[in-house]
$ cat entry.cif   # mmCIF, C-alpha atoms
data_structure
loop_
_atom_site.label_atom_id
_atom_site.label_comp_id
_atom_site.auth_asym_id
_atom_site.auth_seq_id
_atom_site.Cartn_x
_atom_site.Cartn_y
_atom_site.Cartn_z
CA MET C 525 -44.64 27.88 5.87
CA SER C 526 -40.99 27.22 5.09
CA ARG C 527 -41.56 27.26 1.34
CA ARG C 528 -38.21 28.86 0.72
CA TYR C 529 -36.55 25.60 1.75
CA ASP C 530 -38.53 23.50 -0.68
CA SER C 531 -36.75 24.02 -3.92
CA ARG C 532 -33.30 22.92 -2.89
CA THR C 533 -33.37 19.17 -2.49
CA THR C 534 -30.25 18.90 -0.48
CA ILE C 535 -30.72 21.30 2.40
CA PHE C 536 -32.52 20.89 5.69
CA SER C 537 -35.47 23.03 6.69
CA PRO C 538 -35.21 24.87 10.02
CA GLU C 539 -37.29 22.11 11.59
CA GLY C 540 -34.72 19.58 10.43
CA ARG C 541 -36.78 18.08 7.60
CA LEU C 542 -35.95 17.31 4.00
CA TYR C 543 -39.02 18.61 2.22
CA GLN C 544 -38.20 17.18 -1.17
CA VAL C 545 -37.96 13.69 0.28
CA GLU C 546 -41.31 14.18 2.01
CA TYR C 547 -42.92 15.49 -1.16
CA ALA C 548 -41.59 12.45 -3.00
CA MET C 549 -43.34 10.25 -0.45
CA GLU C 550 -46.52 12.27 -1.03
CA ALA C 551 -46.31 11.43 -4.73
CA ILE C 552 -46.06 7.76 -3.86
CA GLY C 553 -49.08 8.01 -1.61
CA ASN C 554 -51.16 8.73 -4.69
CA ALA C 555 -49.84 5.78 -6.67
CA GLY C 556 -51.21 2.24 -6.96
CA SER C 557 -50.60 0.23 -3.83
CA ALA C 558 -48.42 -2.84 -3.47
CA ILE C 559 -48.26 -5.38 -0.67
CA GLY C 560 -45.56 -7.88 0.19
CA ILE C 561 -45.86 -10.80 2.61
CA LEU C 562 -43.09 -13.11 3.80
CA SER C 563 -44.06 -16.73 4.36
CA LYS C 564 -42.19 -19.87 5.39
CA ASP C 565 -41.86 -21.13 1.84
CA GLY C 566 -41.83 -17.98 -0.24
CA VAL C 567 -42.56 -14.29 -0.63
CA VAL C 568 -45.77 -12.93 -2.15
CA LEU C 569 -46.04 -9.57 -3.91
CA VAL C 570 -49.38 -8.09 -4.96
CA GLY C 571 -49.86 -4.82 -6.79
CA GLU C 572 -52.81 -2.66 -7.75
CA LYS C 573 -52.77 -1.55 -11.35
CA LYS C 574 -53.83 2.03 -11.89
CA VAL C 575 -53.66 1.99 -15.67
CA THR C 576 -56.54 -0.25 -16.74
CA SER C 577 -57.48 0.74 -20.22
CA LYS C 578 -58.66 -2.07 -22.49
CA LEU C 579 -56.28 -0.70 -25.10
CA LEU C 580 -53.21 -1.42 -22.97
CA GLN C 581 -51.04 -4.23 -24.32
CA THR C 582 -50.70 -6.23 -21.13
CA SER C 583 -49.48 -9.56 -22.39
CA THR C 584 -45.80 -8.76 -22.40
CA SER C 585 -45.08 -6.23 -19.72
CA THR C 586 -45.90 -5.86 -16.08
CA GLU C 587 -46.69 -2.56 -14.45
CA LYS C 588 -45.86 -3.24 -10.82
CA MET C 589 -43.51 -6.22 -10.62
CA TYR C 590 -40.02 -6.52 -11.99
CA LYS C 591 -37.36 -9.20 -11.85
CA ILE C 592 -33.99 -7.85 -10.77
CA ASP C 593 -32.01 -11.10 -10.87
CA ASP C 594 -32.88 -14.79 -10.86
CA HIS C 595 -33.32 -14.71 -7.11
CA VAL C 596 -34.69 -11.18 -6.48
CA ALA C 597 -37.77 -9.32 -7.67
CA CYS C 598 -39.45 -6.08 -6.67
CA ALA C 599 -42.81 -4.34 -6.62
CA VAL C 600 -42.89 -0.58 -7.19
CA ALA C 601 -45.14 2.28 -6.17
CA GLY C 602 -44.70 5.80 -7.43
CA ILE C 603 -43.42 7.50 -10.56
CA MET C 604 -42.89 4.73 -13.10
CA SER C 605 -40.17 6.47 -15.08
CA ASP C 606 -38.12 6.98 -11.91
CA ALA C 607 -38.70 3.35 -11.03
CA ASN C 608 -37.33 2.17 -14.38
CA ILE C 609 -34.03 3.95 -13.77
CA LEU C 610 -33.64 2.43 -10.33
CA ILE C 611 -34.65 -1.03 -11.49
CA ASN C 612 -31.98 -0.87 -14.16
CA THR C 613 -29.45 0.30 -11.58
CA ALA C 614 -30.39 -2.61 -9.33
CA ARG C 615 -30.03 -5.07 -12.21
CA VAL C 616 -26.59 -3.75 -13.08
CA GLN C 617 -25.46 -3.91 -9.46
CA ALA C 618 -26.65 -7.51 -9.17
CA GLN C 619 -24.76 -8.54 -12.30
CA ARG C 620 -21.66 -6.64 -11.27
CA TYR C 621 -21.59 -8.58 -8.03
CA THR C 622 -22.04 -11.90 -9.82
CA TYR C 623 -19.27 -10.92 -12.25
CA ALA C 624 -16.86 -10.30 -9.39
CA TYR C 625 -17.82 -13.15 -7.06
CA GLN C 626 -19.49 -15.72 -9.36
CA GLU C 627 -22.32 -15.98 -6.84
CA PRO C 628 -25.75 -14.37 -6.59
CA MET C 629 -25.75 -11.10 -4.68
CA PRO C 630 -27.20 -11.42 -1.17
CA VAL C 631 -30.60 -9.71 -1.13
CA GLU C 632 -29.87 -7.24 1.64
CA GLN C 633 -26.67 -6.11 -0.05
CA LEU C 634 -28.60 -5.41 -3.24
CA VAL C 635 -31.20 -3.38 -1.37
CA GLN C 636 -28.48 -1.57 0.54
CA SER C 637 -26.55 -0.60 -2.56
CA LEU C 638 -29.70 0.68 -4.27
CA CYS C 639 -30.60 2.67 -1.17
CA ASP C 640 -27.10 4.16 -1.14
CA THR C 641 -27.82 5.43 -4.65
CA LYS C 642 -31.14 6.93 -3.49
CA GLN C 643 -29.49 8.56 -0.49
CA GLY C 644 -27.04 10.32 -2.78
CA TYR C 645 -29.91 12.24 -4.31
CA THR C 646 -30.82 13.61 -0.90
CA GLN C 647 -27.37 14.89 -0.11
CA PHE C 648 -25.57 16.12 -3.22
CA GLY C 649 -25.92 16.80 -6.92
CA GLY C 650 -28.86 19.17 -6.76
CA LEU C 651 -31.19 16.61 -8.38
CA ARG C 652 -34.56 15.70 -6.92
CA PRO C 653 -35.01 12.40 -5.13
CA PHE C 654 -36.62 9.42 -6.88
CA GLY C 655 -40.38 9.28 -6.38
CA VAL C 656 -40.51 5.53 -5.87
CA SER C 657 -40.91 3.09 -3.02
CA PHE C 658 -39.91 -0.52 -3.46
CA LEU C 659 -40.79 -3.86 -1.98
CA PHE C 660 -37.88 -6.23 -2.63
CA ALA C 661 -38.55 -9.96 -2.39
CA GLY C 662 -35.83 -12.54 -2.72
CA TRP C 663 -33.98 -15.61 -1.50
CA ASP C 664 -30.33 -16.17 -0.68
CA LYS C 665 -28.45 -18.94 1.06
CA ASN C 666 -27.55 -16.80 4.07
CA PHE C 667 -30.98 -15.75 5.26
CA GLY C 668 -33.49 -17.62 3.10
CA PHE C 669 -36.59 -15.71 2.02
CA GLN C 670 -36.56 -12.01 2.72
CA LEU C 671 -38.77 -8.96 2.18
CA TYR C 672 -37.42 -5.40 2.24
CA MET C 673 -39.16 -2.06 1.88
CA SER C 674 -37.30 1.07 0.78
CA ASP C 675 -38.40 4.67 0.25
CA PRO C 676 -37.08 7.85 -1.43
CA SER C 677 -34.99 8.82 1.58
CA GLY C 678 -32.81 5.77 1.06
CA ASN C 679 -33.95 4.12 4.28
CA TYR C 680 -34.83 0.46 4.14
CA GLY C 681 -36.05 -2.20 6.51
CA GLY C 682 -36.65 -5.93 6.55
CA TRP C 683 -40.30 -6.80 6.97
CA LYS C 684 -42.56 -9.79 7.48
CA ALA C 685 -45.37 -7.93 5.74
CA ALA C 686 -45.38 -4.44 4.26
CA ALA C 687 -47.47 -2.13 2.11
CA ILE C 688 -46.55 0.84 -0.08
CA GLY C 689 -48.52 3.27 -2.23
CA ALA C 690 -52.10 4.41 -1.74
CA ASN C 691 -53.75 3.57 1.60
CA ASN C 692 -50.60 1.90 2.81
CA GLN C 693 -51.29 2.80 6.43
CA ALA C 694 -54.69 1.09 6.34
CA ALA C 695 -53.17 -1.92 4.63
CA GLN C 696 -50.29 -2.05 7.10
CA SER C 697 -52.65 -2.08 10.10
CA ILE C 698 -54.77 -4.90 8.62
CA LEU C 699 -51.56 -6.84 7.95
CA LYS C 700 -50.48 -6.27 11.53
CA GLN C 701 -53.69 -7.81 12.81
CA ASP C 702 -53.95 -10.73 10.44
CA TYR C 703 -50.33 -11.79 9.81
CA LYS C 704 -49.25 -14.88 11.70
CA GLU C 705 -45.72 -16.19 12.06
CA ASP C 706 -45.94 -19.57 10.30
CA ILE C 707 -48.03 -18.40 7.41
CA THR C 708 -47.71 -20.56 4.29
CA ARG C 709 -47.33 -19.15 0.80
CA GLU C 710 -50.93 -19.96 -0.10
CA GLU C 711 -52.23 -18.30 3.05
CA ALA C 712 -50.03 -15.31 2.29
CA VAL C 713 -51.57 -14.97 -1.17
CA GLN C 714 -55.00 -15.10 0.40
CA LEU C 715 -54.09 -12.50 2.99
CA ALA C 716 -52.54 -10.18 0.42
CA LEU C 717 -55.58 -10.34 -1.83
CA LYS C 718 -57.88 -9.81 1.11
CA VAL C 719 -55.99 -6.76 2.33
CA LEU C 720 -55.84 -5.29 -1.15
CA SER C 721 -59.56 -5.78 -1.65
CA LYS C 722 -60.22 -3.85 1.56
CA THR C 723 -57.91 -0.96 0.84
CA MET C 724 -58.38 -0.48 -2.90
CA ASP C 725 -60.60 2.36 -3.90
CA SER C 726 -62.32 0.55 -6.76
CA THR C 727 -65.66 -1.11 -6.18
CA SER C 728 -64.81 -4.60 -7.35
CA LEU C 729 -61.71 -6.69 -7.68
CA THR C 730 -60.97 -8.25 -11.03
CA SER C 731 -57.76 -9.79 -12.31
CA ASP C 732 -57.09 -6.98 -14.74
CA LYS C 733 -56.69 -4.54 -11.84
CA LEU C 734 -54.11 -6.68 -10.06
CA GLU C 735 -50.72 -8.20 -10.44
CA LEU C 736 -49.59 -11.12 -8.30
CA ALA C 737 -46.08 -12.55 -8.16
CA GLU C 738 -44.42 -15.12 -5.94
CA ILE C 739 -40.83 -16.01 -5.15
CA PHE C 740 -40.31 -19.59 -4.00
CA LEU C 741 -37.98 -22.58 -4.31
CA THR C 742 -38.66 -25.27 -6.89
CA PRO C 743 -38.34 -28.91 -5.75
CA SER C 744 -34.86 -28.96 -7.31
CA GLY C 745 -33.82 -26.09 -5.07
CA ASN C 746 -33.74 -23.22 -7.57
CA VAL C 747 -35.32 -19.85 -6.88
CA LYS C 748 -38.36 -19.15 -9.04
CA TYR C 749 -40.06 -15.82 -9.69
CA GLN C 750 -43.53 -16.43 -11.06
CA VAL C 751 -46.10 -13.86 -12.15
CA CYS C 752 -49.63 -15.19 -11.87
CA SER C 753 -51.53 -15.35 -15.17
CA SER C 754 -54.81 -13.49 -15.27
CA ASP C 755 -56.78 -16.77 -15.52
CA SER C 756 -55.17 -18.21 -12.39
CA LEU C 757 -55.60 -14.87 -10.69
CA ASN C 758 -59.30 -14.88 -11.49
CA LYS C 759 -59.62 -18.39 -10.09
CA LEU C 760 -57.83 -17.31 -6.92
CA LEU C 761 -60.08 -14.30 -6.50
CA VAL C 762 -63.12 -16.51 -6.80
CA LYS C 763 -61.63 -19.14 -4.47
CA PHE C 764 -60.88 -16.65 -1.74
CA GLY C 765 -64.17 -14.89 -2.19
CA VAL C 766 -62.80 -11.43 -2.85
CA THR C 767 -64.37 -10.71 -6.21
CA GLN C 768 -67.58 -9.30 -4.84
CA PRO C 769 -67.80 -5.54 -4.58
CA ALA C 770 -66.59 -3.98 -1.34
CA PRO C 771 -69.55 -3.69 1.06
CA GLU C 772 -71.27 -0.34 1.34
CA ALA C 773 -69.97 1.11 4.59
CA MET N 587 13.03 -21.40 -7.06
CA GLU N 588 9.99 -20.80 -4.87
CA CYS N 589 8.02 -23.91 -4.12
CA VAL N 590 4.34 -23.81 -3.25
CA PHE N 591 2.00 -26.79 -3.33
CA GLY N 592 -1.22 -27.98 -1.74
CA LEU N 593 -3.91 -30.61 -1.68
CA VAL N 594 -7.43 -31.31 -0.43
CA GLY N 595 -8.06 -34.14 2.04
CA ASN N 596 -10.98 -35.48 4.02
CA GLY N 597 -12.49 -32.39 5.61
CA PHE N 598 -9.33 -30.27 5.32
CA ALA N 599 -7.02 -28.58 2.86
CA ILE N 600 -3.26 -28.27 3.24
CA VAL N 601 -0.87 -25.80 1.65
CA VAL N 602 2.91 -25.90 1.85
CA ALA N 603 5.37 -23.19 0.93
CA ASP N 604 9.12 -22.84 1.09
CA THR N 605 10.38 -20.16 3.45
CA SER N 606 13.40 -18.72 1.66
CA ALA N 607 13.56 -15.05 0.81
CA VAL N 608 16.06 -14.84 -2.04
CA HIS N 609 17.58 -11.93 -3.94
CA SER N 610 19.82 -13.02 -6.81
CA ILE N 611 22.47 -15.22 -5.18
CA LEU N 612 21.79 -14.07 -1.64
CA VAL N 613 19.39 -15.73 0.80
CA HIS N 614 18.01 -12.92 2.96
CA LYS N 615 16.27 -15.24 5.39
CA SER N 616 15.09 -18.84 5.63
CA ASN N 617 11.99 -18.32 7.73
CA GLU N 618 9.82 -16.08 5.53
CA ASP N 619 6.17 -17.06 5.94
CA LYS N 620 4.56 -17.04 2.49
CA ILE N 621 1.20 -18.44 3.56
CA MET N 622 -1.15 -15.69 4.69
CA VAL N 623 -4.21 -16.34 6.82
CA LEU N 624 -6.89 -14.60 4.79
CA ASP N 625 -9.65 -14.93 7.36
CA SER N 626 -10.71 -17.46 9.95
CA HIS N 627 -11.17 -20.23 7.38
CA LYS N 628 -9.02 -19.31 4.42
CA LEU N 629 -5.35 -19.45 3.52
CA ILE N 630 -3.40 -17.90 0.64
CA ALA N 631 -0.07 -19.47 -0.27
CA ALA N 632 1.66 -17.10 -2.66
CA SER N 633 4.84 -17.19 -4.71
CA GLY N 634 6.39 -14.67 -7.04
CA GLU N 635 7.89 -11.19 -6.99
CA PRO N 636 8.33 -10.47 -3.26
CA GLY N 637 6.98 -6.92 -3.32
CA ASP N 638 3.94 -7.92 -5.38
CA ARG N 639 3.38 -11.03 -3.26
CA VAL N 640 3.02 -9.13 0.00
CA HIS N 641 1.22 -6.14 -1.51
CA PHE N 642 -1.34 -8.15 -3.43
CA THR N 643 -2.12 -10.70 -0.73
CA GLU N 644 -2.54 -7.96 1.87
CA TYR N 645 -4.85 -6.11 -0.53
CA ILE N 646 -6.98 -9.22 -0.92
CA GLN N 647 -6.93 -9.85 2.83
CA LYS N 648 -8.12 -6.32 3.62
CA ASN N 649 -10.86 -6.49 1.01
CA VAL N 650 -12.08 -9.81 2.39
CA ALA N 651 -12.13 -8.28 5.88
CA LEU N 652 -13.98 -5.19 4.57
CA TYR N 653 -16.65 -7.38 3.01
CA GLN N 654 -17.20 -9.11 6.32
CA PHE N 655 -17.43 -5.81 8.22
CA ARG N 656 -19.85 -4.34 5.71
CA ASN N 657 -22.10 -7.31 5.27
CA GLY N 658 -21.87 -9.31 8.48
CA ILE N 659 -21.16 -12.53 6.63
CA PRO N 660 -17.83 -13.94 5.40
CA LEU N 661 -17.11 -14.54 1.74
CA THR N 662 -17.16 -18.15 0.60
CA THR N 663 -13.86 -19.57 -0.61
CA ALA N 664 -15.18 -19.61 -4.18
CA ALA N 665 -16.25 -15.97 -4.00
CA ALA N 666 -12.88 -14.92 -2.54
CA ALA N 667 -11.03 -16.87 -5.23
CA ASN N 668 -13.09 -15.31 -8.00
CA PHE N 669 -12.62 -11.86 -6.52
CA THR N 670 -8.85 -12.42 -6.36
CA ARG N 671 -8.77 -13.63 -9.94
CA GLY N 672 -10.80 -10.59 -10.99
CA GLU N 673 -8.27 -8.23 -9.41
CA LEU N 674 -5.41 -9.99 -11.21
CA ALA N 675 -7.34 -9.89 -14.47
CA THR N 676 -8.10 -6.17 -14.19
CA ALA N 677 -4.45 -5.33 -13.51
CA LEU N 678 -3.15 -7.75 -16.11
CA ARG N 679 -3.15 -5.49 -19.14
CA LYS N 680 -2.14 -2.37 -17.27
CA ASN N 681 0.33 -3.09 -14.47
CA PRO N 682 0.25 -6.82 -13.76
CA TYR N 683 1.02 -8.48 -10.46
CA SER N 684 3.62 -11.25 -10.66
CA VAL N 685 2.06 -13.45 -8.01
CA ASN N 686 0.93 -17.07 -8.14
CA ILE N 687 -1.60 -18.13 -5.55
CA LEU N 688 -3.01 -21.29 -4.07
CA MET N 689 -6.11 -20.39 -2.06
CA ALA N 690 -7.36 -22.99 0.42
CA GLY N 691 -10.55 -22.64 2.39
CA TYR N 692 -13.22 -24.41 4.37
CA ASP N 693 -16.93 -23.53 4.03
CA LYS N 694 -19.54 -25.05 6.27
CA GLU N 695 -21.87 -26.46 3.64
CA ILE N 696 -19.24 -27.16 1.00
CA GLY N 697 -16.26 -28.51 2.93
CA PRO N 698 -12.63 -27.92 2.00
CA SER N 699 -11.59 -26.49 -1.38
CA LEU N 700 -8.41 -25.42 -3.15
CA TYR N 701 -8.09 -22.86 -5.93
CA TYR N 702 -5.16 -22.46 -8.33
CA ILE N 703 -4.75 -18.82 -9.43
CA ASP N 704 -1.73 -17.97 -11.54
CA TYR N 705 -0.20 -14.60 -12.31
CA ILE N 706 -2.12 -14.15 -15.57
CA ALA N 707 -5.45 -14.66 -13.79
CA THR N 708 -6.07 -18.30 -14.56
CA LEU N 709 -8.50 -19.77 -12.06
CA HIS N 710 -9.03 -23.47 -11.46
CA LYS N 711 -10.69 -25.32 -8.64
CA VAL N 712 -8.38 -28.27 -7.99
CA ASP N 713 -7.74 -31.18 -5.63
CA LYS N 714 -3.99 -30.68 -5.80
CA GLY N 715 -1.85 -27.93 -7.23
CA ALA N 716 1.66 -26.53 -7.27
CA PHE N 717 3.75 -23.60 -8.50
CA GLY N 718 7.42 -23.07 -9.26
CA TYR N 719 10.24 -25.41 -10.21
CA GLY N 720 9.27 -27.56 -7.26
CA SER N 721 5.98 -28.28 -9.01
CA TYR N 722 7.73 -30.65 -11.41
CA PHE N 723 8.51 -32.84 -8.44
CA SER N 724 5.58 -32.28 -6.12
CA LEU N 725 2.92 -32.70 -8.82
CA SER N 726 4.46 -35.95 -9.99
CA MET N 727 4.63 -37.15 -6.39
CA MET N 728 1.03 -36.18 -5.78
CA ASP N 729 -0.12 -37.74 -9.04
CA ARG N 730 1.39 -41.00 -7.83
CA HIS N 731 0.16 -41.01 -4.23
CA PHE N 732 -2.88 -38.74 -3.99
CA HIS N 733 -6.40 -40.09 -3.73
CA SER N 734 -9.48 -38.14 -2.78
CA GLY N 735 -10.49 -38.15 0.89
CA MET N 736 -7.04 -38.69 2.33
CA SER N 737 -6.71 -38.64 6.10
CA LEU N 738 -4.50 -36.04 7.76
CA GLU N 739 -1.74 -38.61 8.42
CA GLU N 740 -1.75 -39.76 4.80
CA ALA N 741 -1.73 -36.17 3.55
CA ILE N 742 1.16 -35.09 5.78
CA ASP N 743 3.02 -38.21 4.67
CA LEU N 744 2.52 -37.19 1.04
CA VAL N 745 3.61 -33.62 1.84
CA ASP N 746 6.80 -34.96 3.39
CA LYS N 747 7.42 -37.16 0.37
CA CYS N 748 7.12 -34.08 -1.85
CA ILE N 749 9.47 -32.07 0.34
CA ILE N 750 12.06 -34.85 0.30
CA GLU N 751 11.79 -35.05 -3.47
CA ILE N 752 12.26 -31.28 -3.84
CA ARG N 753 15.19 -31.25 -1.44
CA SER N 754 17.00 -34.10 -3.12
CA ARG N 755 16.29 -33.37 -6.77
CA LEU N 756 16.05 -29.60 -7.18
CA VAL N 757 19.35 -27.80 -7.62
CA VAL N 758 19.29 -24.81 -5.19
CA ALA N 759 16.42 -26.41 -3.34
CA PRO N 760 14.97 -24.35 -0.49
CA PRO N 761 15.92 -25.88 2.85
CA ASN N 762 12.87 -25.00 4.95
CA PHE N 763 9.10 -25.31 4.47
CA VAL N 764 6.01 -24.25 6.36
CA ILE N 765 2.81 -26.32 6.36
CA LYS N 766 -0.57 -24.74 7.08
CA ILE N 767 -3.96 -26.41 7.30
CA VAL N 768 -7.58 -25.25 7.11
CA ASP N 769 -10.53 -27.32 8.34
CA LYS N 770 -13.78 -26.84 10.21
CA ASP N 771 -11.83 -25.49 13.19
CA GLY N 772 -10.20 -22.79 11.14
CA ALA N 773 -6.98 -21.89 9.39
CA ARG N 774 -3.76 -22.38 11.30
CA GLU N 775 -0.10 -23.27 11.07
CA TYR N 776 0.47 -26.99 11.21
CA ALA N 777 4.23 -27.50 11.21
CA TRP N 778 7.59 -26.40 9.87
CA ARG N 779 10.06 -28.68 8.12
CA GLU N 780 13.49 -27.18 8.68
CA SER N 781 16.77 -28.56 7.54
CA ILE N 782 18.62 -25.35 8.26
CA LYS N 783 17.73 -23.32 11.30
CA ASP N 784 18.62 -19.63 10.95
CA ALA N 785 22.04 -19.66 12.62
CA SER N 786 21.72 -17.10 15.37
CA VAL N 787 24.02 -18.90 17.78
CA VAL N 788 27.34 -20.26 16.62
CA SER N 789 28.74 -22.68 19.13
CA ALA N 790 32.11 -21.42 20.25
#
$ encode --input "entry.cif" --output "structure tokens"
Amino acid sequence: MSRRYDSRTTIFSPEGRLYQVEYAMEAIGNAGSAIGILSKDGVVLVGEKKVTSKLLQTSTSTEKMYKIDDHVACAVAGIMSDANILINTARVQAQRYTYAYQEPMPVEQLVQSLCDTKQGYTQFGGLRPFGVSFLFAGWDKNFGFQLYMSDPSGNYGGWKAAAIGANNQAAQSILKQDYKEDITREEAVQLALKVLSKTMDSTSLTSDKLELAEIFLTPSGNVKYQVCSSDSLNKLLVKFGVTQPAPEA
Amino acid sequence: MECVFGLVGNGFAIVVADTSAVHSILVHKSNEDKIMVLDSHKLIAASGEPGDRVHFTEYIQKNVALYQFRNGIPLTTAAAANFTRGELATALRKNPYSVNILMAGYDKEIGPSLYYIDYIATLHKVDKGAFGYGSYFSLSMMDRHFHSGMSLEEAIDLVDKCIIEIRSRLVVAPPNFVIKIVDKDGAREYAWRESIKDASVVSA
């Protein structure tokens, strides 16, 4: 194999591949999955929590979802410490834009500028790429609600529904079948939970293994990022009938 | 003695600038256009040090164009005004620009707007504004006659009143003015008010 081309992050292999970027994506494939779904009236993000010890202090922090600015949030999959750096970078970029223009940064521009940072690590500096994939969810006045997925290579795309992390291919194919164009936010939550229940490895779905967040507009027209409390999440799981253990194949 | 003023009317914004290029006691030319078209729906009327005026407004214009190329959407008037102010503020305590700006623009959801940006990076959103010695006359005239939602005829009438006032009351008043307008159809030149045409032909 072309192992000799592995250690330098910023050179091509003879087959024209960037191994370090691919290995980064491997690392993400072992991490907790996250799903994002775009609906008419909001964006839904659902994440699978891998760290589920009873000792974990969960009341204050989230593991998968982070708010970047008042109108943008993201779900992460991959190496958490890498994610923290990039999330901070994204937050700074969003504020820098607002400082210069006194307006919220358009969502795609935020994603683009973060991806430009990621791309740098695949071309110069000799540092390894970030082992994180993101699902960005947000709203701006130009294009309304948007969902973007980005990966360690610095590529990004706009999606109607996307999955990252473990079993993302299985999740993506279920989403492809079941997503419909005029889906409402409530239906999107249901679909996301359903897909996650089918692709998660664990035998049963409880609220302590999940995080659910939504981006939507309040009646007064402001963008709201809301993380679902574990009580409401439990109620939703019961309502949609996804708490029972996954059927024996 | 540069005179720049402007006002917001019903669905449009107007800016007026004198067109004299002066160096000490010499008038280089009387048809210098000091109102730059920033993009399809924005105007910058600038007064101040001639080198700085052209250099800074072109810099802003190119940055506004770059934003549109990069991002596929134009900047709003407010964003462009804040960006401009930010550039003046950053340069202020290093190598300041001596340029005063009235930025007029039209945005689809917001309508017309006018921003007053002075050389020490003051930014105000205003209905009417003016710079220079002429401001003593044009602001007073506008204070007397302006009301919000003026029609184009009323606004041009007020502009002409201001020009007459400047011409009659300001010692070394500039003879010629250019009027530009921005509305839903874009930014464009509206008219000139010339009392001295650049004498290129002297009748024998």
$ closest_residue --input "entry.cif" --among "C:Glu627, C:Glu705, C:Glu539, C:Glu550" --to "chain N" --atoms "only C-alpha atoms"
C:Glu627
$ residues_around --input "entry.cif" --residues "C:Ile739" --least-positions-apart "3" --cutoff "9 Å" --atoms "only C-alpha atoms" --output "CSV table (one decimal) with C-alpha atoms, in the frame of the given file"
chain,number,residue,atom,x,y,z
C,565,ASP,CA,-41.9,-21.1,1.8
C,566,GLY,CA,-41.8,-18.0,-0.2
C,567,VAL,CA,-42.6,-14.3,-0.6
C,568,VAL,CA,-45.8,-12.9,-2.2
C,569,LEU,CA,-46.0,-9.6,-3.9
C,595,HIS,CA,-33.3,-14.7,-7.1
C,596,VAL,CA,-34.7,-11.2,-6.5
C,597,ALA,CA,-37.8,-9.3,-7.7
C,661,ALA,CA,-38.6,-10.0,-2.4
C,662,GLY,CA,-35.8,-12.5,-2.7
C,663,TRP,CA,-34.0,-15.6,-1.5
C,669,PHE,CA,-36.6,-15.7,2.0
C,747,VAL,CA,-35.3,-19.8,-6.9
C,748,LYS,CA,-38.4,-19.2,-9.0
C,749,TYR,CA,-40.1,-15.8,-9.7
C,750,GLN,CA,-43.5,-16.4,-11.1
$ resolve_selection --input "entry.cif" --expression "the PyMOL selection byres ((chain N) within 10 of (chain C))" --output "JSON list (two decimals) with C-alpha atoms, keeping the file's coordinate frame"
[["chain", "number", "residue", "atom", "x", "y", "z"],
["N", 656, "ARG", "CA", -19.85, -4.34, 5.71],
["N", 657, "ASN", "CA", -22.10, -7.31, 5.27],
["N", 659, "ILE", "CA", -21.16, -12.53, 6.63],
["N", 661, "LEU", "CA", -17.11, -14.54, 1.74],
["N", 662, "THR", "CA", -17.16, -18.15, 0.60],
["N", 663, "THR", "CA", -13.86, -19.57, -0.61],
["N", 664, "ALA", "CA", -15.18, -19.61, -4.18],
["N", 665, "ALA", "CA", -16.25, -15.97, -4.00],
["N", 666, "ALA", "CA", -12.88, -14.92, -2.54],
["N", 667, "ALA", "CA", -11.03, -16.87, -5.23],
["N", 668, "ASN", "CA", -13.09, -15.31, -8.00],
["N", 669, "PHE", "CA", -12.62, -11.86, -6.52],
["N", 670, "THR", "CA", -8.85, -12.42, -6.36],
["N", 671, "ARG", "CA", -8.77, -13.63, -9.94],
["N", 672, "GLY", "CA", -10.80, -10.59, -10.99],
["N", 673, "GLU", "CA", -8.27, -8.23, -9.41]]
$ axis_aligned_box --input "entry.cif" --around "stretch 638-651 of chain C" --padding-each-side "3 Å" --output "AutoDock Vina command-line options"
--center_x -28.4 --center_y 9.9 --center_z -4.2 --size_x 11.6 --size_y 24.5 --size_z 14.3
$ atom_distance --input "entry.cif" --atom1 "atom CA of C:Gly689" --atom2 "atom CA of C:Ser726"
14.8 Å
$ residues_around --input "entry.cif" --residues "stretch 753-763 of chain C" --least-positions-apart "4" --cutoff "8 Å" --atoms "only C-alpha atoms" --output "PyMOL selection string"
chain C and resi 717+729-732+736+767
$ resolve_selection --input "entry.cif" --expression "the PyMOL selection byres ((chain C and resi 676) around 9)" --output "PDB file with C-alpha atoms, keeping the file's coordinate frame"
ATOM      1  CA  VAL C 545     -37.960  13.690   0.280  1.00  0.00           C
ATOM      2  CA  GLU C 546     -41.310  14.180   2.010  1.00  0.00           C
ATOM      3  CA  ALA C 548     -41.590  12.450  -3.000  1.00  0.00           C
ATOM      4  CA  MET C 549     -43.340  10.250  -0.450  1.00  0.00           C
ATOM      5  CA  CYS C 639     -30.600   2.670  -1.170  1.00  0.00           C
ATOM      6  CA  LYS C 642     -31.140   6.930  -3.490  1.00  0.00           C
ATOM      7  CA  GLN C 643     -29.490   8.560  -0.490  1.00  0.00           C
ATOM      8  CA  TYR C 645     -29.910  12.240  -4.310  1.00  0.00           C
ATOM      9  CA  THR C 646     -30.820  13.610  -0.900  1.00  0.00           C
ATOM     10  CA  PRO C 653     -35.010  12.400  -5.130  1.00  0.00           C
ATOM     11  CA  PHE C 654     -36.620   9.420  -6.880  1.00  0.00           C
ATOM     12  CA  GLY C 655     -40.380   9.280  -6.380  1.00  0.00           C
ATOM     13  CA  VAL C 656     -40.510   5.530  -5.870  1.00  0.00           C
ATOM     14  CA  SER C 657     -40.910   3.090  -3.020  1.00  0.00           C
ATOM     15  CA  SER C 674     -37.300   1.070   0.780  1.00  0.00           C
ATOM     16  CA  ASP C 675     -38.400   4.670   0.250  1.00  0.00           C
ATOM     17  CA  SER C 677     -34.990   8.820   1.580  1.00  0.00           C
ATOM     18  CA  GLY C 678     -32.810   5.770   1.060  1.00  0.00           C
ATOM     19  CA  ASN C 679     -33.950   4.120   4.280  1.00  0.00           C
TER      20      ASN C 679
END
